[in-house]
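Note: the block below is input31.txt and it holds compact mmCIF, C-alpha atoms.
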```
# COMPACT_ATOMS: atom_id res chain seq x y z
CA MET V 1 31.02 -23.88 -9.31
CA ALA V 2 30.56 -26.31 -6.46
CA GLN V 3 29.77 -24.62 -3.21
CA PRO V 4 30.14 -26.07 0.24
CA HIS V 5 26.78 -26.69 1.80
CA ALA V 6 25.29 -23.81 3.67
CA ALA V 7 24.99 -23.80 7.37
CA PRO V 8 21.63 -25.55 7.72
CA SER V 9 18.93 -24.05 9.85
CA ARG V 10 20.30 -24.27 13.32
CA PRO V 11 18.75 -25.68 16.45
CA ALA V 12 17.79 -22.94 18.89
CA GLY V 13 20.58 -21.91 21.21
CA GLU V 14 23.45 -21.76 18.72
CA ALA V 15 23.97 -18.10 17.98
CA PRO V 16 25.45 -17.36 14.56
CA SER V 17 28.32 -14.92 14.13
CA GLN V 18 27.13 -11.34 13.75
CA ARG V 19 30.28 -9.98 12.13
CA TRP V 20 28.32 -9.60 8.90
CA SER V 21 25.79 -7.35 10.70
CA VAL V 22 28.56 -5.06 11.88
CA ALA V 23 30.01 -4.81 8.39
CA VAL V 24 26.65 -4.21 6.71
CA ALA V 25 25.76 -1.45 9.19
CA GLU V 26 29.14 0.18 8.62
CA VAL V 27 28.67 0.31 4.84
CA LEU V 28 25.13 1.65 5.12
CA LEU V 29 26.25 4.43 7.45
CA LYS V 30 29.22 5.28 5.25
CA HIS V 31 26.75 5.83 2.42
CA ARG V 32 24.54 8.03 4.62
CA VAL V 33 21.66 5.59 4.62
CA HIS V 34 19.84 7.19 7.52
CA VAL V 35 16.26 5.96 7.28
CA VAL V 36 15.71 2.24 7.60
CA ALA V 37 12.25 0.69 7.51
CA TYR V 38 11.72 -2.97 8.17
CA VAL V 39 9.43 -5.82 9.02
CA PRO V 40 10.88 -7.86 11.90
CA ASP V 41 13.02 -10.90 11.18
CA GLU V 42 15.25 -12.92 13.45
CA VAL V 43 18.13 -12.86 10.97
CA THR V 44 18.32 -9.07 10.69
CA GLY V 45 17.58 -8.26 14.33
CA HIS V 46 21.18 -7.58 15.27
CA LEU V 47 21.76 -5.38 12.21
CA LEU V 48 18.67 -3.33 13.04
CA ASN V 49 19.70 -2.95 16.67
CA ARG V 50 23.06 -1.62 15.57
CA LEU V 51 21.44 0.90 13.25
CA GLN V 52 18.93 1.91 15.88
CA ALA V 53 21.81 2.75 18.22
CA GLN V 54 23.08 5.38 15.75
CA PRO V 55 21.77 8.87 16.49
CA ALA V 56 21.81 9.73 12.77
CA CYS V 57 19.54 6.80 11.95
CA THR V 58 15.77 6.65 12.05
CA VAL V 59 14.65 3.03 12.19
CA VAL V 60 10.99 2.29 11.59
CA CYS V 61 9.19 -0.97 12.23
CA CYS V 62 6.39 -1.32 9.68
CA THR V 63 3.37 -3.61 9.53
CA ARG V 64 3.92 -4.63 5.94
CA GLU V 65 6.82 -4.40 3.52
CA GLU V 66 4.90 -2.29 1.01
CA GLU V 67 4.52 0.30 3.77
CA ALA V 68 8.26 0.15 4.47
CA VAL V 69 9.09 0.79 0.82
CA ALA V 70 6.68 3.75 0.71
CA THR V 71 8.14 5.17 3.93
CA VAL V 72 11.69 5.00 2.61
CA ALA V 73 10.55 6.54 -0.68
CA GLY V 74 8.94 9.42 1.22
CA ALA V 75 12.10 9.92 3.25
CA TYR V 76 14.07 10.15 0.01
CA LEU V 77 11.75 12.89 -1.22
CA GLY V 78 12.55 14.58 2.07
CA GLY V 79 16.30 14.38 1.51
CA LYS V 80 17.30 11.22 3.39
CA ARG V 81 18.72 8.07 1.87
CA GLY V 82 17.03 4.91 2.96
CA ALA V 83 16.98 1.14 2.97
CA VAL V 84 14.23 -1.40 3.45
CA VAL V 85 15.16 -4.51 5.41
CA LEU V 86 12.87 -7.42 4.63
CA GLN V 87 12.63 -11.15 3.94
CA THR V 88 12.25 -12.54 0.45
CA SER V 89 8.53 -13.05 1.12
CA GLY V 90 8.31 -9.32 1.81
CA ILE V 91 9.28 -8.57 -1.77
CA GLY V 92 6.03 -10.29 -2.68
CA ASN V 93 4.22 -7.80 -0.46
CA SER V 94 5.98 -4.88 -2.16
CA MET V 95 5.33 -5.45 -5.83
CA ASN V 96 2.79 -2.71 -6.41
CA VAL V 97 4.62 0.09 -4.66
CA LEU V 98 7.83 -0.87 -6.46
CA GLY V 99 6.22 -1.26 -9.87
CA SER V 100 3.84 1.69 -9.81
CA PHE V 101 5.83 4.18 -7.76
CA VAL V 102 9.49 3.53 -6.99
CA VAL V 103 10.49 2.40 -10.49
CA PRO V 104 8.57 4.90 -12.64
CA TYR V 105 9.44 7.85 -10.35
CA GLN V 106 13.10 6.75 -10.24
CA ILE V 107 13.32 6.71 -6.46
CA PRO V 108 16.60 5.23 -5.24
CA MET V 109 16.76 2.90 -2.27
CA LEU V 110 18.43 -0.25 -1.08
CA LEU V 111 16.33 -3.36 -0.56
CA ILE V 112 18.24 -5.47 1.93
CA VAL V 113 16.66 -8.88 1.53
CA SER V 114 17.16 -11.64 4.05
CA GLU V 115 17.07 -14.82 1.99
CA ARG V 116 14.59 -17.61 2.59
CA GLY V 117 14.05 -20.64 0.42
CA GLY V 118 17.69 -21.25 -0.44
CA LEU V 119 20.40 -23.57 0.88
CA GLY V 120 19.36 -25.08 4.19
CA GLU V 121 15.68 -23.96 4.05
CA PHE V 122 13.27 -26.06 6.10
CA ASN V 123 9.93 -24.50 5.14
CA PRO V 124 8.40 -25.38 1.75
CA ALA V 125 6.25 -22.24 1.85
CA GLN V 126 9.39 -20.09 1.70
CA VAL V 127 10.82 -21.71 -1.40
CA PRO V 128 8.82 -20.46 -4.41
CA LEU V 129 9.19 -16.72 -3.78
CA GLY V 130 12.73 -17.02 -2.49
CA HIS V 131 13.67 -18.91 -5.62
CA ALA V 132 11.87 -16.49 -7.92
CA LEU V 133 13.10 -13.31 -6.25
CA PRO V 134 15.92 -12.26 -8.61
CA ARG V 135 13.78 -12.93 -11.67
CA VAL V 136 10.76 -11.14 -10.23
CA LEU V 137 12.85 -8.08 -9.46
CA ASP V 138 14.61 -8.30 -12.80
CA ALA V 139 11.23 -8.29 -14.53
CA LEU V 140 10.62 -4.88 -12.92
CA GLY V 141 14.05 -3.66 -14.01
CA ILE V 142 15.54 -3.91 -10.51
CA GLN V 143 19.06 -5.34 -10.22
CA THR V 144 19.84 -7.85 -7.49
CA PHE V 145 23.22 -8.70 -5.99
CA ALA V 146 24.00 -11.42 -3.46
CA LEU V 147 26.25 -11.31 -0.41
CA THR V 148 27.53 -14.84 0.08
CA SER V 149 30.47 -14.14 2.38
CA GLU V 150 31.80 -11.44 4.67
CA ALA V 151 34.38 -10.56 2.02
CA ASP V 152 31.53 -9.59 -0.32
CA ILE V 153 30.03 -7.02 2.00
CA ALA V 154 32.27 -4.01 1.51
CA PRO V 155 32.58 -4.16 -2.28
CA VAL V 156 29.14 -5.46 -3.19
CA LEU V 157 27.01 -3.50 -0.76
CA SER V 158 29.05 -0.36 -1.30
CA GLY V 159 28.75 -0.78 -5.04
CA ALA V 160 25.02 -1.35 -4.75
CA ALA V 161 24.63 1.85 -2.73
CA ASP V 162 26.59 3.81 -5.32
CA LEU V 163 24.51 2.29 -8.09
CA ALA V 164 21.24 3.09 -6.34
CA PHE V 165 21.89 6.66 -5.28
CA ALA V 166 23.93 7.78 -8.28
CA THR V 167 21.55 6.37 -10.89
CA MET V 168 18.24 6.91 -9.06
CA ALA V 169 17.29 3.26 -8.92
CA PRO V 170 16.10 0.76 -6.34
CA VAL V 171 18.74 -1.95 -5.95
CA ALA V 172 18.31 -5.23 -4.08
CA VAL V 173 21.05 -6.89 -2.04
CA VAL V 174 20.39 -10.42 -0.80
CA LEU V 175 21.76 -11.52 2.54
CA THR V 176 22.16 -15.18 1.67
CA MET V 177 21.62 -17.93 4.19
CA ARG V 178 25.29 -18.81 3.68
CA LEU V 179 26.24 -15.38 4.95
CA THR V 180 23.80 -15.13 7.84
CA GLY V 181 23.37 -18.73 8.90
CA GLY V 182 19.65 -18.50 8.20
CA LYS V 183 16.75 -18.74 10.58
CA THR V 184 16.60 -20.89 13.65
CA LEU V 185 14.15 -23.80 13.41
CA ARG V 186 11.92 -23.31 16.46
CA MET F 187 -18.85 19.19 0.56
CA LYS F 188 -16.97 18.54 -2.64
CA ARG F 189 -13.29 17.69 -2.55
CA LEU F 190 -12.27 20.32 -5.07
CA ASP F 191 -14.00 23.05 -3.04
CA ALA F 192 -12.45 21.68 0.15
CA ILE F 193 -8.93 21.75 -1.26
CA ARG F 194 -9.48 25.26 -2.62
CA ARG F 195 -10.44 26.40 0.87
CA ILE F 196 -7.20 25.17 2.43
CA VAL F 197 -4.77 26.36 -0.25
CA PRO F 198 -4.30 29.77 1.42
CA LEU F 199 -3.41 27.98 4.68
CA LEU F 200 -0.67 25.78 3.26
CA GLY F 201 2.33 28.11 3.24
CA ALA F 202 5.43 25.98 2.70
CA ALA F 203 3.67 22.73 3.58
CA ALA F 204 4.41 19.76 1.39
CA VAL F 205 1.24 18.15 0.08
CA ILE F 206 1.17 14.51 -1.05
CA SER F 207 -1.90 13.49 -3.02
CA ASN F 208 -3.26 9.99 -3.51
CA LEU F 209 -3.61 8.59 -7.01
CA GLY F 210 -6.81 9.37 -8.88
CA ARG F 211 -9.24 12.03 -7.80
CA ASN F 212 -7.14 13.50 -4.99
CA THR F 213 -4.27 14.14 -7.38
CA TYR F 214 -6.62 15.52 -10.03
CA ASP F 215 -8.38 17.89 -7.64
CA LEU F 216 -5.22 19.10 -5.92
CA TYR F 217 -3.75 20.03 -9.29
CA GLU F 218 -6.99 21.72 -10.30
CA ALA F 219 -7.27 23.67 -7.04
CA ALA F 220 -3.69 24.90 -6.97
CA ASP F 221 -0.72 23.44 -8.76
CA ARG F 222 2.29 24.38 -6.64
CA PRO F 223 5.80 22.93 -6.68
CA GLU F 224 5.43 21.77 -3.08
CA ASN F 225 2.72 19.36 -4.27
CA PHE F 226 3.73 15.77 -4.86
CA TYR F 227 1.30 13.92 -7.08
CA MET F 228 1.00 10.15 -6.86
CA TRP F 229 0.07 8.38 -10.09
CA GLY F 230 0.17 4.87 -8.65
CA ALA F 231 0.79 2.80 -5.52
CA MET F 232 -2.74 2.71 -4.14
CA GLY F 233 -2.56 2.29 -0.39
CA SER F 234 0.89 3.83 -0.02
CA THR F 235 0.24 7.57 -0.02
CA SER F 236 -0.01 8.08 3.73
CA SER F 237 3.21 6.11 4.21
CA VAL F 238 4.99 8.30 1.66
CA GLY F 239 3.86 11.35 3.62
CA PHE F 240 4.97 9.68 6.84
CA GLY F 241 8.47 9.02 5.45
CA LEU F 242 8.68 12.60 4.23
CA ALA F 243 7.64 13.87 7.67
CA LEU F 244 10.35 11.74 9.30
CA ALA F 245 12.99 13.21 7.00
CA GLN F 246 11.70 16.80 7.25
CA PRO F 247 10.47 17.12 10.83
CA ALA F 248 10.24 20.92 10.72
CA ARG F 249 8.05 21.11 7.62
CA PRO F 250 4.30 20.56 7.72
CA VAL F 251 3.31 17.60 5.54
CA VAL F 252 -0.30 17.27 4.43
CA VAL F 253 -1.47 13.98 2.91
CA LEU F 254 -4.64 13.89 0.83
CA ASP F 255 -5.73 10.26 0.89
CA GLY F 256 -8.96 8.47 0.03
CA ASP F 257 -11.17 6.02 1.88
CA GLY F 258 -10.57 3.16 -0.53
CA SER F 259 -6.81 3.57 -0.39
CA MET F 260 -6.76 3.93 3.39
CA LEU F 261 -8.80 0.75 3.77
CA MET F 262 -6.15 -1.03 1.72
CA SER F 263 -3.39 -0.27 4.22
CA LEU F 264 -4.82 0.36 7.66
CA GLY F 265 -1.66 -0.95 9.30
CA CYS F 266 0.22 2.20 8.36
CA LEU F 267 -1.88 4.13 10.88
CA THR F 268 -0.38 2.08 13.69
CA THR F 269 3.13 2.83 12.45
CA ILE F 270 2.39 6.54 12.17
CA ALA F 271 0.91 6.56 15.67
CA ALA F 272 3.96 4.75 17.04
CA HIS F 273 6.36 7.33 15.60
CA HIS F 274 3.96 10.31 15.86
CA PRO F 275 5.67 12.87 13.58
CA SER F 276 4.18 16.06 14.96
CA LYS F 277 3.77 18.00 11.73
CA LEU F 278 2.02 15.29 9.73
CA VAL F 279 -1.60 15.96 8.79
CA LEU F 280 -3.47 13.02 7.28
CA VAL F 281 -6.62 14.05 5.46
CA VAL F 282 -8.82 11.20 4.26
CA PHE F 283 -11.54 12.26 1.85
CA ASP F 284 -14.33 9.75 2.34
CA ASN F 285 -17.04 9.49 -0.29
CA GLY F 286 -17.83 5.84 0.38
CA THR F 287 -16.78 4.83 -3.10
CA TYR F 288 -13.88 3.75 -5.24
CA GLU F 289 -14.57 6.76 -7.41
CA THR F 290 -11.69 6.47 -9.87
CA THR F 291 -12.51 2.87 -10.69
CA GLY F 292 -16.17 3.47 -11.40
CA GLY F 293 -17.92 4.34 -8.17
CA GLN F 294 -18.14 0.98 -6.44
CA ALA F 295 -19.00 1.17 -2.73
CA THR F 296 -16.28 1.01 -0.10
CA HIS F 297 -16.98 -0.42 3.32
CA THR F 298 -17.23 3.06 4.82
CA LYS F 299 -20.64 3.13 3.13
CA ARG F 300 -21.59 0.09 5.20
CA GLY F 301 -20.47 1.34 8.55
CA ALA F 302 -16.67 1.28 8.67
CA ASP F 303 -15.57 4.38 10.60
CA LEU F 304 -12.07 5.45 9.62
CA GLU F 305 -11.79 7.98 12.44
CA ALA F 306 -12.57 5.25 14.98
CA ILE F 307 -10.02 3.01 13.27
CA ALA F 308 -7.42 5.79 13.44
CA ARG F 309 -8.09 6.21 17.16
CA GLY F 310 -7.83 2.49 17.64
CA ALA F 311 -4.50 2.58 15.84
CA GLY F 312 -3.23 4.98 18.50
CA LEU F 313 -3.71 8.37 16.86
CA THR F 314 -5.16 10.82 19.36
CA ARG F 315 -5.71 13.98 17.34
CA THR F 316 -8.58 12.94 15.12
CA VAL F 317 -11.71 14.61 13.83
CA THR F 318 -14.52 13.96 11.39
CA VAL F 319 -15.82 16.93 9.39
CA VAL F 320 -18.71 17.30 6.99
CA THR F 321 -18.83 20.97 6.00
CA LEU F 322 -16.35 23.24 4.26
CA ASP F 323 -16.07 25.49 7.31
CA GLU F 324 -15.41 22.54 9.60
CA PHE F 325 -12.82 21.19 7.19
CA ALA F 326 -10.96 24.48 6.82
CA GLY F 327 -11.04 24.94 10.59
CA ALA F 328 -9.68 21.47 11.22
CA VAL F 329 -6.82 21.90 8.75
CA GLU F 330 -5.97 25.33 10.13
CA ARG F 331 -5.78 23.90 13.64
CA ALA F 332 -3.81 20.87 12.51
CA LEU F 333 -1.21 23.11 10.86
CA GLN F 334 -0.77 24.98 14.14
CA GLU F 335 -1.01 22.34 16.85
CA PRO F 336 1.25 19.30 17.20
CA GLY F 337 -0.04 16.12 15.61
CA PRO F 338 0.01 13.77 13.88
CA TRP F 339 -3.53 14.67 12.88
CA PHE F 340 -6.14 12.51 11.24
CA ILE F 341 -8.93 14.45 9.54
CA LEU F 342 -11.75 12.41 8.07
CA ALA F 343 -13.59 14.62 5.58
CA LYS F 344 -16.93 13.31 4.39
CA ILE F 345 -17.45 14.40 0.80
CA GLU F 346 -19.92 13.87 -2.01
CA GLN F 347 -19.12 12.45 -5.40
CA ALA F 348 -18.16 14.92 -8.10
CA THR F 349 -16.61 15.00 -11.52
CA ALA F 350 -12.88 15.61 -11.80
CA PHE F 351 -10.42 16.28 -14.58
CA ALA F 352 -7.14 14.44 -15.00
CA ARG F 353 -5.02 17.34 -16.15
CA VAL F 354 -1.97 16.58 -14.01
CA PRO F 355 1.11 15.93 -16.18
CA ARG F 356 1.79 12.20 -16.42
CA ARG F 357 5.47 12.91 -15.94
CA PRO F 358 6.48 11.30 -12.68
CA ILE F 359 10.18 12.12 -12.82
CA TYR F 360 9.52 15.76 -13.64
CA LEU F 361 6.99 16.00 -10.82
CA LYS F 362 9.44 14.43 -8.38
CA ASP F 363 12.34 16.68 -9.40
CA ARG F 364 10.20 19.79 -9.23
CA PHE F 365 8.97 18.84 -5.76
CA MET F 366 12.46 18.09 -4.45
CA GLU F 367 13.81 21.35 -5.83
CA ALA F 368 10.98 23.25 -4.18
CA ILE F 369 11.63 21.79 -0.75
CA GLY F 370 15.42 21.85 -1.16
CA THR F 371 16.20 18.14 -1.08
CA VAL F 372 17.82 17.60 -4.48
CA GLY F 373 21.32 16.18 -4.59
CA ILE F 374 21.47 14.12 -1.43
```

Since I need it in another form, could you write the structure as structure tokens?
Amino acid sequence: MAQPHAAPSRPAGEAPSQRWSVAVAEVLLKHRVHVVAYVPDEVTGHLLNRLQAQPACTVVCCTREEEAVATVAGAYLGGKRGAVVLQTSGIGNSMNVLGSFVVPYQIPMLLIVSERGGLGEFNPAQVPLGHALPRVLDALGIQTFALTSEADIAPVLSGAADLAFATMAPVAVVLTMRLTGGKTLR
Amino acid sequence: MKRLDAIRRIVPLLGAAAVISNLGRNTYDLYEAADRPENFYMWGAMGSTSSVGFGLALAQPARPVVVLDGDGSMLMSLGCLTTIAAHHPSKLVLVVFDNGTYETTGGQATHTKRGADLEAIARGAGLTRTVTVVTLDEFAGAVERALQEPGPWFILAKIEQATAFARVPRRPIYLKDRFMEAIGTVGI
């Protein structure tokens, strides 16, 4: 199906709409996702600020995505549902903890992946892993779903949360550049 | 000091503490010293054990959480110490058993054998309650204090090499379920 071109990477100064951030935060809270670990990213900054403002939420800035996955896994053992917020490149930094811990121990979590390397990308270094992401995760047995519009957020993210926490599985949800507007070229 | 003896010494102190053990020798020796349902045994994810304990401590702030990590694994993920220091969960006790070798993979030297000081690194990361111990009495004393006084604590325990037996069940889902039932977190 032909798709209209994504919003290309924007010049600095043009703020994208953050309605998607509001909707994503709402769904996460509805599903009692109360521990969120992340590695900083311009695209997800607003979402993380919203979550941080919730008293029920513990939001943890990590130094590496593998650490964020392990932190959320530990929180699950301790009775809290969690999500990791990361860029596609961060999935590359998380392979071992996913493959040798989260998957074999059946530890549920959401991987909220801010897409790089797709429509409108300006950095060649972001393309290979961004492009490979769904197949890399699939090879580990992890399902990936994409949010391409605001209308997707409630059904797809909600469904992904149900899938993760009811079936004890990590599930990835990609925040596409079409949804978020992507990263500002600075 | 041998790790198995060290763990045996602290078992009576643990009470309801959750204990998370690093893959390899830490997991083997914890199981050998005292298998208890509040133990969580890692079978993989080298470099992630302290972060798992950190996440658990965030979710269960009232429960003491003791992590048994190793020097090789800690060197793989030093950044996690800065995260733990930034959030400072007060009942988290990080124990790093340091024998200067990657023992499970065949005894190759780690950089702690060539001068890397993990306690100094932990202090540099922002952790303030740190100690290095070399004897069983010092180790037991440090753990006893750490379980009583607010942390997070970082205990670097210098140990010698020793044989170990891998008798822990290789049943990750069973081990997880048993642990979560023991600490009352099933069914969230």

Nearest to chain V: which of F:Ala311, F:Leu264, F:Leu190, F:Ala245 is it, counting only C-alpha atoms? F:Ala245

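What separates atom CA of F:Ile359 from atom CA of V:Val113 is a distance of 26.2 Å.
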
Give me, as CSV, the closest atom pair and its distance (Å, one decimal) for every residue of chain V within a cut-off of 9 Å of chain F, counting only C-alpha atoms, rows sorted by chain and rising number.
```
residue,atom,partner,partner_atom,distance
V:Val35,CA,F:Ala245,CA,8.0
V:Thr58,CA,F:Leu244,CA,7.9
V:Val60,CA,F:Thr269,CA,7.9
V:Cys61,CA,F:Thr269,CA,7.2
V:Cys62,CA,F:Thr269,CA,6.0
V:Thr63,CA,F:Gly265,CA,5.7
V:Arg64,CA,F:Gly265,CA,7.5
V:Glu66,CA,F:Ser234,CA,7.4
V:Glu67,CA,F:Ser237,CA,6.0
V:Ala68,CA,F:Ser237,CA,7.8
V:Val69,CA,F:Val238,CA,8.6
V:Ala70,CA,F:Val238,CA,4.9
V:Thr71,CA,F:Gly241,CA,4.2
V:Val72,CA,F:Gly241,CA,5.9
V:Ala73,CA,F:Val238,CA,6.3
V:Gly74,CA,F:Val238,CA,4.1
V:Ala75,CA,F:Gly241,CA,4.3
V:Tyr76,CA,F:Leu242,CA,7.3
V:Leu77,CA,F:Met366,CA,6.2
V:Gly78,CA,F:Leu242,CA,4.9
V:Gly79,CA,F:Thr371,CA,4.6
V:Lys80,CA,F:Ala245,CA,6.0
V:Arg81,CA,F:Ile374,CA,7.4
V:Asn96,CA,F:Ala231,CA,5.9
V:Val97,CA,F:Ala231,CA,4.8
V:Leu98,CA,F:Ala231,CA,8.0
V:Gly99,CA,F:Ala231,CA,8.1
V:Ser100,CA,F:Gly230,CA,5.0
V:Phe101,CA,F:Ala231,CA,5.7
V:Val102,CA,F:Ala231,CA,8.9
V:Pro104,CA,F:Pro358,CA,6.7
V:Tyr105,CA,F:Ile359,CA,5.0
V:Gln106,CA,F:Ile359,CA,6.6
V:Ile107,CA,F:Lys362,CA,8.9
V:Phe165,CA,F:Ile374,CA,8.4
```

Which residue of V:Leu119, V:Leu179, V:Val136, V:Val59 approaches V:Val85 most closely, using all atoms listed in the file: V:Val59

With a distance cut-off of 12 Å and all atoms listed in the file, select the neighbouring residues of F:Arg189, excluding the residue or stretch itself and same-chain residues fewer than 5 positions from it, and output the selection as a ChimeraX atom specification. /F:194-196,211-219,254-256,281-285,320-322,325-326,342-350

Taking (-13.5, 7.2, -7.1) in the file's coordinates as the center, which residues reach within 9 Å of it, counting only C-alpha atoms, put as a list in words?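 Residues close enough to count: Gly210, Arg211, Gly256, Gly258, Asn285, Gly286, Thr287, Tyr288, Glu289, Thr290, Thr291, Gly292, Gly293, Gln294 and Gln347 of chain F.
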
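Between atom CA of F:Met262 and atom CA of V:Leu129 there is a distance of 22.6 Å.
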
If we count all atoms listed in the file and set the cut-off at 9 Å, which residues sit around V:Val174, ignoring sequence neighbours fewer than 6 positions away in its own chain? Please answer as an mmCIF file with C-alpha atoms, in the coordinates of the input.
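Okay, part-v4.cif is ready:
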```cif
data_model
loop_
_atom_site.group_PDB
_atom_site.id
_atom_site.type_symbol
_atom_site.label_atom_id
_atom_site.label_comp_id
_atom_site.auth_asym_id
_atom_site.auth_seq_id
_atom_site.Cartn_x
_atom_site.Cartn_y
_atom_site.Cartn_z
ATOM 1 C CA THR V 88 12.250 -12.540 0.450
ATOM 2 C CA LEU V 111 16.330 -3.360 -0.560
ATOM 3 C CA ILE V 112 18.240 -5.470 1.930
ATOM 4 C CA VAL V 113 16.660 -8.880 1.530
ATOM 5 C CA SER V 114 17.160 -11.640 4.050
ATOM 6 C CA GLU V 115 17.070 -14.820 1.990
ATOM 7 C CA THR V 144 19.840 -7.850 -7.490
ATOM 8 C CA PHE V 145 23.220 -8.700 -5.990
ATOM 9 C CA ALA V 146 24.000 -11.420 -3.460
ATOM 10 C CA LEU V 147 26.250 -11.310 -0.410
ATOM 11 C CA THR V 148 27.530 -14.840 0.080
#
```

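One distance worth recording is that between atom CA of F:Leu209 and atom CA of F:Asp191, which is 18.2 Å.
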
Closest of F:Leu304, F:Val279, F:Ala220, F:Ala202 to F:Glu330 - atom-to-atom distances counting all atoms listed in the file: F:Val279

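Minimum atom-to-atom distance to F:Pro250, evaluated using all atoms listed in the file, belongs to F:Leu333 out of F:Ala328, F:Ala368, F:Ala308, F:Leu333.
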
Pick from F:Leu280, F:Ile307, F:Ala248, F:Ala332, whichever lies nearest to F:Leu261 using all atoms listed in the file: F:Ile307

Using only C-alpha atoms, determine which residues lie at most 7 Å from F:Val317, disregarding the query and same-chain residues fewer than 4 positions distant; provide the list as a ChimeraX atom specification. /F:305,340-342

Within 7 Å of V:Gly182, counting all atoms listed in the file, which residues show up once you throw out same-chain ones fewer than 2 positions away? Write them as a list of chain:residue names, please.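 Residues meeting the cut-off are V:Ser9, V:Val43, V:Met177, V:Thr180, V:Thr184.
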
How would the residues just chosen look if you wrote them out with C-alpha atoms as a PDB file, in the frame of the given file?
```pdb
ATOM      1  CA  SER V   9      18.930 -24.050   9.850  1.00  0.00           C
ATOM      2  CA  VAL V  43      18.130 -12.860  10.970  1.00  0.00           C
ATOM      3  CA  MET V 177      21.620 -17.930   4.190  1.00  0.00           C
ATOM      4  CA  THR V 180      23.800 -15.130   7.840  1.00  0.00           C
ATOM      5  CA  THR V 184      16.600 -20.890  13.650  1.00  0.00           C
TER       6      THR V 184
END
```
